[in-house]
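These notes are about the structure you will find just below.
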Amino acid sequence: MKLAFYLDTHGTCVGQLSDELLPLEEVAETWQFPYDIIVVWRVLPESYGRKTFRRFDSNDNTLALDMSITYERYQLMSKNEQREALGIYLYTYMSESVAKYKKYADKETQNQFLAKIKSWMLENNWLDGKVNQARELLTQNMGLYEVSQQLQMPLEEVEYILLRMNDYEQADVHPDNIVAGKAPPYQL
């Protein structure tokens, strides 16, 4: 099967994160599934009003997932937070979408495919990654430094996670996005 990811983005870490999905695309080529899946991530200002949608092309035997992501929200997130938010959004939307096209893949085939996707995402911190693990450790009253050492995360990021857990809302662009913004833009 073909599983491919495309982008329409700038100024966030989503472009860098999509590069992390290349191994998933490669391993998916070895999987048996009745149709291909193409995912497009569009990180756009909320003012555009773009909605997420799916479309199945029976001529090409391809499911297209066009996923809208709010630029303003992702500007405030670290790269790790973006990875986990994208992972949850992708897995949830892909699961809903695959379930809608039962005539192309039976329930067992769908479940096997989604289990492979979930397994890869868990192994690669796209689901239940370091940010989630840090939150769990911090709620158990583990110290910032100890969480940083155990998860091999910068202390600043652990502090930021703790602040966000206590309803601190960052007003500025996260430094990870400033670095990503200096890279050439990803085009669709």
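Residue names in the structure tokens use chain letters A, B, ... in the order shown, residue numbers from 1 in each chain, and ligand numbers from 1 in the order shown.
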
Output as a compact mmCIF listing (two decimals) with all heavy atoms, in the first residue's frame all residues of chain A that backbone DSSP marks as strand (DSSP E).
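Just written: selection39.txt:
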```
# COMPACT_ATOMS: atom_id res chain seq x y z
N LEU A 3 1.20 4.96 1.59
CA LEU A 3 0.80 5.90 2.61
C LEU A 3 1.74 7.09 2.44
O LEU A 3 2.96 6.95 2.54
CB LEU A 3 0.96 5.29 4.01
CG LEU A 3 0.67 6.20 5.21
CD1 LEU A 3 -0.78 6.67 5.19
CD2 LEU A 3 0.98 5.48 6.52
N ALA A 4 1.19 8.26 2.13
CA ALA A 4 2.03 9.42 1.85
C ALA A 4 1.51 10.65 2.59
O ALA A 4 0.30 10.80 2.79
CB ALA A 4 2.06 9.69 0.35
N PHE A 5 2.45 11.52 2.97
CA PHE A 5 2.14 12.75 3.69
C PHE A 5 2.64 13.94 2.89
O PHE A 5 3.78 13.96 2.43
CB PHE A 5 2.80 12.74 5.07
CG PHE A 5 2.27 11.66 5.97
CD1 PHE A 5 2.84 10.40 5.96
CD2 PHE A 5 1.20 11.90 6.80
CE1 PHE A 5 2.34 9.39 6.77
CE2 PHE A 5 0.69 10.90 7.62
CZ PHE A 5 1.26 9.65 7.60
N TYR A 6 1.77 14.95 2.75
CA TYR A 6 2.11 16.19 2.05
C TYR A 6 1.76 17.37 2.93
O TYR A 6 0.95 17.25 3.85
CB TYR A 6 1.34 16.27 0.72
CG TYR A 6 1.69 15.14 -0.22
CD1 TYR A 6 0.88 14.02 -0.30
CD2 TYR A 6 2.84 15.20 -1.01
CE1 TYR A 6 1.20 12.97 -1.16
CE2 TYR A 6 3.16 14.16 -1.87
CZ TYR A 6 2.34 13.06 -1.94
OH TYR A 6 2.66 12.03 -2.78
N LEU A 7 2.35 18.53 2.63
CA LEU A 7 2.21 19.69 3.50
C LEU A 7 1.85 20.95 2.75
O LEU A 7 2.21 21.13 1.59
CB LEU A 7 3.55 20.00 4.18
CG LEU A 7 4.11 18.96 5.10
CD1 LEU A 7 5.52 19.34 5.48
CD2 LEU A 7 3.25 18.84 6.33
N ASP A 8 1.18 21.83 3.47
CA ASP A 8 0.98 23.21 3.07
C ASP A 8 1.17 23.99 4.37
O ASP A 8 0.22 24.17 5.14
CB ASP A 8 -0.44 23.39 2.50
CG ASP A 8 -0.71 24.80 2.02
OD1 ASP A 8 0.23 25.61 2.02
OD2 ASP A 8 -1.86 25.07 1.66
N ASP A 36 -4.83 2.92 -1.04
CA ASP A 36 -3.78 3.84 -0.61
C ASP A 36 -4.39 4.97 0.22
O ASP A 36 -5.58 5.26 0.09
CB ASP A 36 -3.07 4.45 -1.82
CG ASP A 36 -2.36 3.41 -2.66
OD1 ASP A 36 -1.94 2.37 -2.11
OD2 ASP A 36 -2.22 3.63 -3.88
N ILE A 37 -3.56 5.60 1.04
CA ILE A 37 -4.01 6.73 1.85
C ILE A 37 -3.02 7.87 1.67
O ILE A 37 -1.81 7.70 1.86
CB ILE A 37 -4.14 6.36 3.34
CG1 ILE A 37 -5.16 5.23 3.53
CG2 ILE A 37 -4.51 7.60 4.17
CD1 ILE A 37 -5.31 4.74 4.96
N ILE A 38 -3.56 9.02 1.29
CA ILE A 38 -2.78 10.24 1.13
C ILE A 38 -3.26 11.23 2.19
O ILE A 38 -4.45 11.49 2.30
CB ILE A 38 -2.99 10.85 -0.28
CG1 ILE A 38 -2.71 9.83 -1.38
CG2 ILE A 38 -2.17 12.12 -0.44
CD1 ILE A 38 -1.30 9.31 -1.42
N VAL A 39 -2.32 11.78 2.94
CA VAL A 39 -2.64 12.75 3.99
C VAL A 39 -2.01 14.09 3.63
O VAL A 39 -0.82 14.15 3.31
CB VAL A 39 -2.11 12.29 5.36
CG1 VAL A 39 -2.41 13.32 6.44
CG2 VAL A 39 -2.68 10.92 5.74
N VAL A 40 -2.81 15.14 3.67
CA VAL A 40 -2.31 16.49 3.46
C VAL A 40 -2.57 17.28 4.74
O VAL A 40 -3.71 17.36 5.20
CB VAL A 40 -3.00 17.19 2.27
CG1 VAL A 40 -2.46 18.61 2.10
CG2 VAL A 40 -2.81 16.39 0.99
N TRP A 41 -1.49 17.83 5.30
CA TRP A 41 -1.63 18.69 6.48
C TRP A 41 -1.54 20.13 6.01
O TRP A 41 -0.56 20.55 5.40
CB TRP A 41 -0.52 18.42 7.48
CG TRP A 41 -0.74 17.22 8.33
CD1 TRP A 41 -1.94 16.72 8.72
CD2 TRP A 41 0.24 16.36 8.89
NE1 TRP A 41 -1.76 15.62 9.51
CE2 TRP A 41 -0.42 15.37 9.62
CE3 TRP A 41 1.62 16.35 8.84
CZ2 TRP A 41 0.25 14.37 10.31
CZ3 TRP A 41 2.29 15.35 9.52
CH2 TRP A 41 1.62 14.38 10.25
N ARG A 42 -2.55 20.91 6.34
CA ARG A 42 -2.57 22.33 6.00
C ARG A 42 -2.57 23.13 7.30
O ARG A 42 -3.56 23.13 8.03
CB ARG A 42 -3.81 22.67 5.18
CG ARG A 42 -3.85 21.93 3.86
CD ARG A 42 -5.02 22.38 3.01
NE ARG A 42 -5.24 21.47 1.91
CZ ARG A 42 -4.60 21.52 0.74
NH1 ARG A 42 -3.69 22.43 0.54
NH2 ARG A 42 -4.86 20.65 -0.21
N VAL A 43 -1.45 23.76 7.57
CA VAL A 43 -1.33 24.59 8.76
C VAL A 43 -1.61 26.02 8.30
O VAL A 43 -0.77 26.66 7.69
CB VAL A 43 0.07 24.48 9.40
CG1 VAL A 43 0.13 25.29 10.68
CG2 VAL A 43 0.42 23.03 9.66
N LEU A 44 -2.83 26.47 8.59
CA LEU A 44 -3.31 27.74 8.06
C LEU A 44 -3.91 28.60 9.17
O LEU A 44 -4.40 28.09 10.17
CB LEU A 44 -4.39 27.49 7.00
CG LEU A 44 -3.96 26.64 5.80
CD1 LEU A 44 -5.16 26.25 4.97
CD2 LEU A 44 -2.94 27.39 4.98
N PHE A 53 -11.40 17.53 5.66
CA PHE A 53 -12.34 16.68 4.93
C PHE A 53 -11.63 15.45 4.40
O PHE A 53 -10.41 15.38 4.34
CB PHE A 53 -13.02 17.46 3.78
CG PHE A 53 -12.09 17.85 2.66
CD1 PHE A 53 -11.91 17.01 1.57
CD2 PHE A 53 -11.42 19.05 2.69
CE1 PHE A 53 -11.06 17.36 0.54
CE2 PHE A 53 -10.57 19.42 1.67
CZ PHE A 53 -10.38 18.57 0.58
N ARG A 54 -12.43 14.47 4.03
CA ARG A 54 -11.91 13.22 3.44
C ARG A 54 -12.63 12.97 2.14
O ARG A 54 -13.77 13.38 1.95
CB ARG A 54 -12.08 12.06 4.40
CG ARG A 54 -13.52 11.71 4.69
CD ARG A 54 -13.69 10.54 5.65
NE ARG A 54 -13.33 10.78 7.01
CZ ARG A 54 -14.11 11.32 7.93
NH1 ARG A 54 -15.34 11.67 7.64
NH2 ARG A 54 -13.70 11.52 9.15
N ARG A 55 -11.95 12.27 1.26
CA ARG A 55 -12.56 11.92 -0.03
C ARG A 55 -11.95 10.60 -0.48
O ARG A 55 -10.74 10.41 -0.45
CB ARG A 55 -12.27 13.01 -1.05
CG ARG A 55 -12.86 12.73 -2.42
CD ARG A 55 -12.68 13.89 -3.37
NE ARG A 55 -13.39 15.04 -2.84
CZ ARG A 55 -12.90 16.28 -2.78
NH1 ARG A 55 -11.71 16.54 -3.22
NH2 ARG A 55 -13.62 17.27 -2.30
N PHE A 56 -12.84 9.68 -0.93
CA PHE A 56 -12.37 8.41 -1.47
C PHE A 56 -12.53 8.45 -2.98
O PHE A 56 -13.62 8.68 -3.50
CB PHE A 56 -13.17 7.22 -0.89
CG PHE A 56 -12.50 5.91 -1.17
CD1 PHE A 56 -11.61 5.37 -0.28
CD2 PHE A 56 -12.75 5.23 -2.36
CE1 PHE A 56 -10.96 4.17 -0.54
CE2 PHE A 56 -12.11 4.03 -2.63
CZ PHE A 56 -11.22 3.50 -1.72
N ASP A 57 -11.44 8.22 -3.68
CA ASP A 57 -11.46 8.17 -5.15
C ASP A 57 -11.43 6.70 -5.55
O ASP A 57 -10.38 6.05 -5.47
CB ASP A 57 -10.26 8.92 -5.71
CG ASP A 57 -10.27 9.01 -7.22
OD1 ASP A 57 -10.98 8.19 -7.87
OD2 ASP A 57 -9.58 9.88 -7.76
N THR A 62 -7.96 5.32 -3.70
CA THR A 62 -7.18 6.13 -2.77
C THR A 62 -8.11 6.93 -1.86
O THR A 62 -9.06 7.54 -2.32
CB THR A 62 -6.28 7.12 -3.54
OG1 THR A 62 -5.41 6.38 -4.39
CG2 THR A 62 -5.47 7.98 -2.61
N LEU A 63 -7.78 6.91 -0.59
CA LEU A 63 -8.46 7.74 0.40
C LEU A 63 -7.59 8.96 0.66
O LEU A 63 -6.41 8.83 1.02
CB LEU A 63 -8.66 6.96 1.71
CG LEU A 63 -9.23 7.73 2.90
CD1 LEU A 63 -10.61 8.29 2.58
CD2 LEU A 63 -9.27 6.86 4.14
N ALA A 64 -8.14 10.14 0.44
CA ALA A 64 -7.42 11.40 0.69
C ALA A 64 -7.94 12.02 1.97
O ALA A 64 -9.16 12.21 2.12
CB ALA A 64 -7.59 12.35 -0.48
N LEU A 65 -7.04 12.33 2.88
CA LEU A 65 -7.38 13.00 4.13
C LEU A 65 -6.75 14.38 4.10
O LEU A 65 -5.52 14.51 4.15
CB LEU A 65 -6.85 12.21 5.33
CG LEU A 65 -7.27 10.74 5.42
CD1 LEU A 65 -6.63 10.08 6.63
CD2 LEU A 65 -8.79 10.62 5.47
N ASP A 66 -7.56 15.40 3.99
CA ASP A 66 -7.09 16.78 3.94
C ASP A 66 -7.37 17.38 5.31
O ASP A 66 -8.50 17.70 5.65
CB ASP A 66 -7.82 17.54 2.83
CG ASP A 66 -7.15 18.85 2.49
OD1 ASP A 66 -6.90 19.64 3.42
OD2 ASP A 66 -6.89 19.07 1.30
N MET A 67 -6.31 17.52 6.11
CA MET A 67 -6.45 17.87 7.52
C MET A 67 -6.00 19.31 7.77
O MET A 67 -4.85 19.65 7.53
CB MET A 67 -5.64 16.90 8.37
CG MET A 67 -6.08 15.45 8.17
SD MET A 67 -5.03 14.24 9.00
CE MET A 67 -5.38 14.64 10.71
N SER A 68 -6.92 20.12 8.27
CA SER A 68 -6.62 21.51 8.60
C SER A 68 -6.13 21.61 10.04
O SER A 68 -6.71 21.02 10.95
CB SER A 68 -7.85 22.38 8.42
OG SER A 68 -8.17 22.45 7.06
N ILE A 69 -5.08 22.39 10.22
CA ILE A 69 -4.46 22.59 11.51
C ILE A 69 -4.36 24.09 11.75
O ILE A 69 -3.96 24.83 10.87
CB ILE A 69 -3.06 21.94 11.53
CG1 ILE A 69 -3.19 20.42 11.30
CG2 ILE A 69 -2.33 22.24 12.82
CD1 ILE A 69 -1.91 19.75 10.90
N THR A 70 -4.72 24.53 12.93
CA THR A 70 -4.74 25.96 13.24
C THR A 70 -3.32 26.47 13.49
O THR A 70 -2.67 26.09 14.46
CB THR A 70 -5.62 26.23 14.47
OG1 THR A 70 -6.90 25.68 14.24
CG2 THR A 70 -5.74 27.71 14.74
```

Margin query: I'd like the contact shell of segment 128-143 of chain A - 9 Å cut-off, only C-alpha atoms, skipping same-chain residues fewer than 3 positions apart - returned as a ChimeraX atom specification.
Written below: /A:80-81,83-84,87-88,121-125,146-148,151-153,157-158,161-162,165

Take the residues from that selection and write them out as an mmCIF file, in the first residue's frame, keeping N, CA, C and O atoms.
```cif
data_model
loop_
_atom_site.group_PDB
_atom_site.id
_atom_site.type_symbol
_atom_site.label_atom_id
_atom_site.label_comp_id
_atom_site.auth_asym_id
_atom_site.auth_seq_id
_atom_site.Cartn_x
_atom_site.Cartn_y
_atom_site.Cartn_z
ATOM 1 N N ASN A 80 7.808 18.919 20.354
ATOM 2 C CA ASN A 80 7.284 17.682 20.950
ATOM 3 C C ASN A 80 5.768 17.748 21.123
ATOM 4 O O ASN A 80 5.066 16.764 20.875
ATOM 5 N N GLU A 81 5.267 18.900 21.549
ATOM 6 C CA GLU A 81 3.815 19.054 21.693
ATOM 7 C C GLU A 81 3.126 18.928 20.328
ATOM 8 O O GLU A 81 2.069 18.310 20.216
ATOM 9 N N ARG A 83 4.204 17.245 17.737
ATOM 10 C CA ARG A 83 4.267 15.842 17.327
ATOM 11 C C ARG A 83 3.111 15.051 17.949
ATOM 12 O O ARG A 83 2.416 14.308 17.273
ATOM 13 N N GLU A 84 2.922 15.229 19.245
ATOM 14 C CA GLU A 84 1.885 14.467 19.933
ATOM 15 C C GLU A 84 0.487 14.919 19.525
ATOM 16 O O GLU A 84 -0.407 14.093 19.348
ATOM 17 N N GLY A 87 -0.065 13.510 16.153
ATOM 18 C CA GLY A 87 -0.246 12.058 16.252
ATOM 19 C C GLY A 87 -1.655 11.685 16.673
ATOM 20 O O GLY A 87 -2.286 10.806 16.073
ATOM 21 N N ILE A 88 -2.163 12.369 17.685
ATOM 22 C CA ILE A 88 -3.523 12.091 18.155
ATOM 23 C C ILE A 88 -4.540 12.435 17.064
ATOM 24 O O ILE A 88 -5.447 11.652 16.770
ATOM 25 N N MET A 121 3.394 4.552 15.747
ATOM 26 C CA MET A 121 3.276 5.868 16.376
ATOM 27 C C MET A 121 3.703 5.826 17.849
ATOM 28 O O MET A 121 4.348 6.759 18.327
ATOM 29 N N LEU A 122 3.360 4.771 18.552
ATOM 30 C CA LEU A 122 3.782 4.639 19.948
ATOM 31 C C LEU A 122 5.297 4.482 20.045
ATOM 32 O O LEU A 122 5.942 5.103 20.897
ATOM 33 N N GLU A 123 5.875 3.668 19.184
ATOM 34 C CA GLU A 123 7.325 3.443 19.195
ATOM 35 C C GLU A 123 8.107 4.709 18.880
ATOM 36 O O GLU A 123 9.260 4.842 19.290
ATOM 37 N N ASN A 124 7.509 5.629 18.138
ATOM 38 C CA ASN A 124 8.215 6.815 17.672
ATOM 39 C C ASN A 124 7.731 8.116 18.304
ATOM 40 O O ASN A 124 7.941 9.197 17.753
ATOM 41 N N ASN A 125 7.096 8.016 19.478
ATOM 42 C CA ASN A 125 6.657 9.174 20.269
ATOM 43 C C ASN A 125 5.621 10.050 19.582
ATOM 44 O O ASN A 125 5.525 11.239 19.866
ATOM 45 N N GLU A 146 14.560 15.780 37.741
ATOM 46 C CA GLU A 146 14.473 14.328 37.619
ATOM 47 C C GLU A 146 13.681 13.930 36.362
ATOM 48 O O GLU A 146 14.049 12.995 35.653
ATOM 49 N N VAL A 147 12.592 14.648 36.079
ATOM 50 C CA VAL A 147 11.807 14.382 34.865
ATOM 51 C C VAL A 147 12.673 14.648 33.639
ATOM 52 O O VAL A 147 12.706 13.851 32.691
ATOM 53 N N SER A 148 13.396 15.750 33.663
ATOM 54 C CA SER A 148 14.278 16.108 32.552
ATOM 55 C C SER A 148 15.313 15.009 32.307
ATOM 56 O O SER A 148 15.543 14.601 31.165
ATOM 57 N N LEU A 151 13.556 11.520 31.087
ATOM 58 C CA LEU A 151 13.017 11.535 29.723
ATOM 59 C C LEU A 151 14.002 12.107 28.699
ATOM 60 O O LEU A 151 13.683 12.152 27.506
ATOM 61 N N GLN A 152 15.158 12.551 29.188
ATOM 62 C CA GLN A 152 16.168 13.162 28.327
ATOM 63 C C GLN A 152 15.570 14.324 27.526
ATOM 64 O O GLN A 152 15.682 14.391 26.303
ATOM 65 N N MET A 153 14.903 15.204 28.276
ATOM 66 C CA MET A 153 14.301 16.409 27.717
ATOM 67 C C MET A 153 15.004 17.621 28.322
ATOM 68 O O MET A 153 15.415 17.571 29.476
ATOM 69 N N GLU A 157 11.971 22.751 28.703
ATOM 70 C CA GLU A 157 10.738 22.190 28.167
ATOM 71 C C GLU A 157 9.896 21.558 29.275
ATOM 72 O O GLU A 157 8.675 21.683 29.284
ATOM 73 N N VAL A 158 10.538 20.913 30.228
ATOM 74 C CA VAL A 158 9.807 20.331 31.359
ATOM 75 C C VAL A 158 9.159 21.447 32.171
ATOM 76 O O VAL A 158 7.999 21.335 32.589
ATOM 77 N N ILE A 161 6.132 22.619 30.332
ATOM 78 C CA ILE A 161 5.016 21.673 30.463
ATOM 79 C C ILE A 161 4.315 21.873 31.803
ATOM 80 O O ILE A 161 3.086 21.903 31.876
ATOM 81 N N LEU A 162 5.099 22.042 32.856
ATOM 82 C CA LEU A 162 4.511 22.279 34.182
ATOM 83 C C LEU A 162 3.706 23.569 34.200
ATOM 84 O O LEU A 162 2.584 23.605 34.733
ATOM 85 N N MET A 165 0.487 22.984 32.461
ATOM 86 C CA MET A 165 -0.411 22.161 33.279
ATOM 87 C C MET A 165 -1.134 23.015 34.314
ATOM 88 O O MET A 165 -2.217 22.668 34.755
#
```

Next item on the list: Take atom CA of Leu17 of chain A and atom CA of Gly49 of chain A and report the distance between them in Å, one decimal.
Entry: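 The value is 23.7 Å.
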
Note to self: Please compute the atom CA of Ser119 of chain A-atom CA of Val27 of chain A distance, one decimal, in Å.
What the structure shows: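 It comes out at 12.1 Å.
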
Checklist line | Non-local contacts of Leu76 of chain A (9 Å; only C-alpha atoms; under 3 positions in same chain excluded) as a ChimeraX atom specification | finding: /A:72-73,169-175,177

Next item on the list: Using DSSP on the backbone coordinates, identify the residues of segment 4-125 of chain A assigned to helix (DSSP H, G or I); present them as a PyMOL selection string.
Entry: chain A and resi 14-19+22-28+46-48+71-75+79-100+107-123

Check: Do you know which residues are at most 12 Å from Asp176 of chain A counting only C-alpha atoms, after dropping those on the same chain fewer than 4 positions away, and could you put them as a ChimeraX atom specification?
Finding: /A:11-14,16-17,74-82,156-157,172,180-183

Note to self: When you look at Leu114 of chain A with a cut-off of 9 Å (counting only C-alpha atoms), what residues show up, excluding the ones that are within fewer than 2 positions of it in the same chain? I need them as JSON, numbers by chain.
What the structure shows: {"A": [91, 94, 95, 98, 109, 110, 111, 112, 116, 117, 118, 119]}

Next item on the list: May I ask which of the residues A:Lys103, A:Lys51, A:Arg164, A:His10 is the closest one to Pro34 of chain A, counting only C-alpha atoms?
Entry: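 Closest candidate: A:Lys103.
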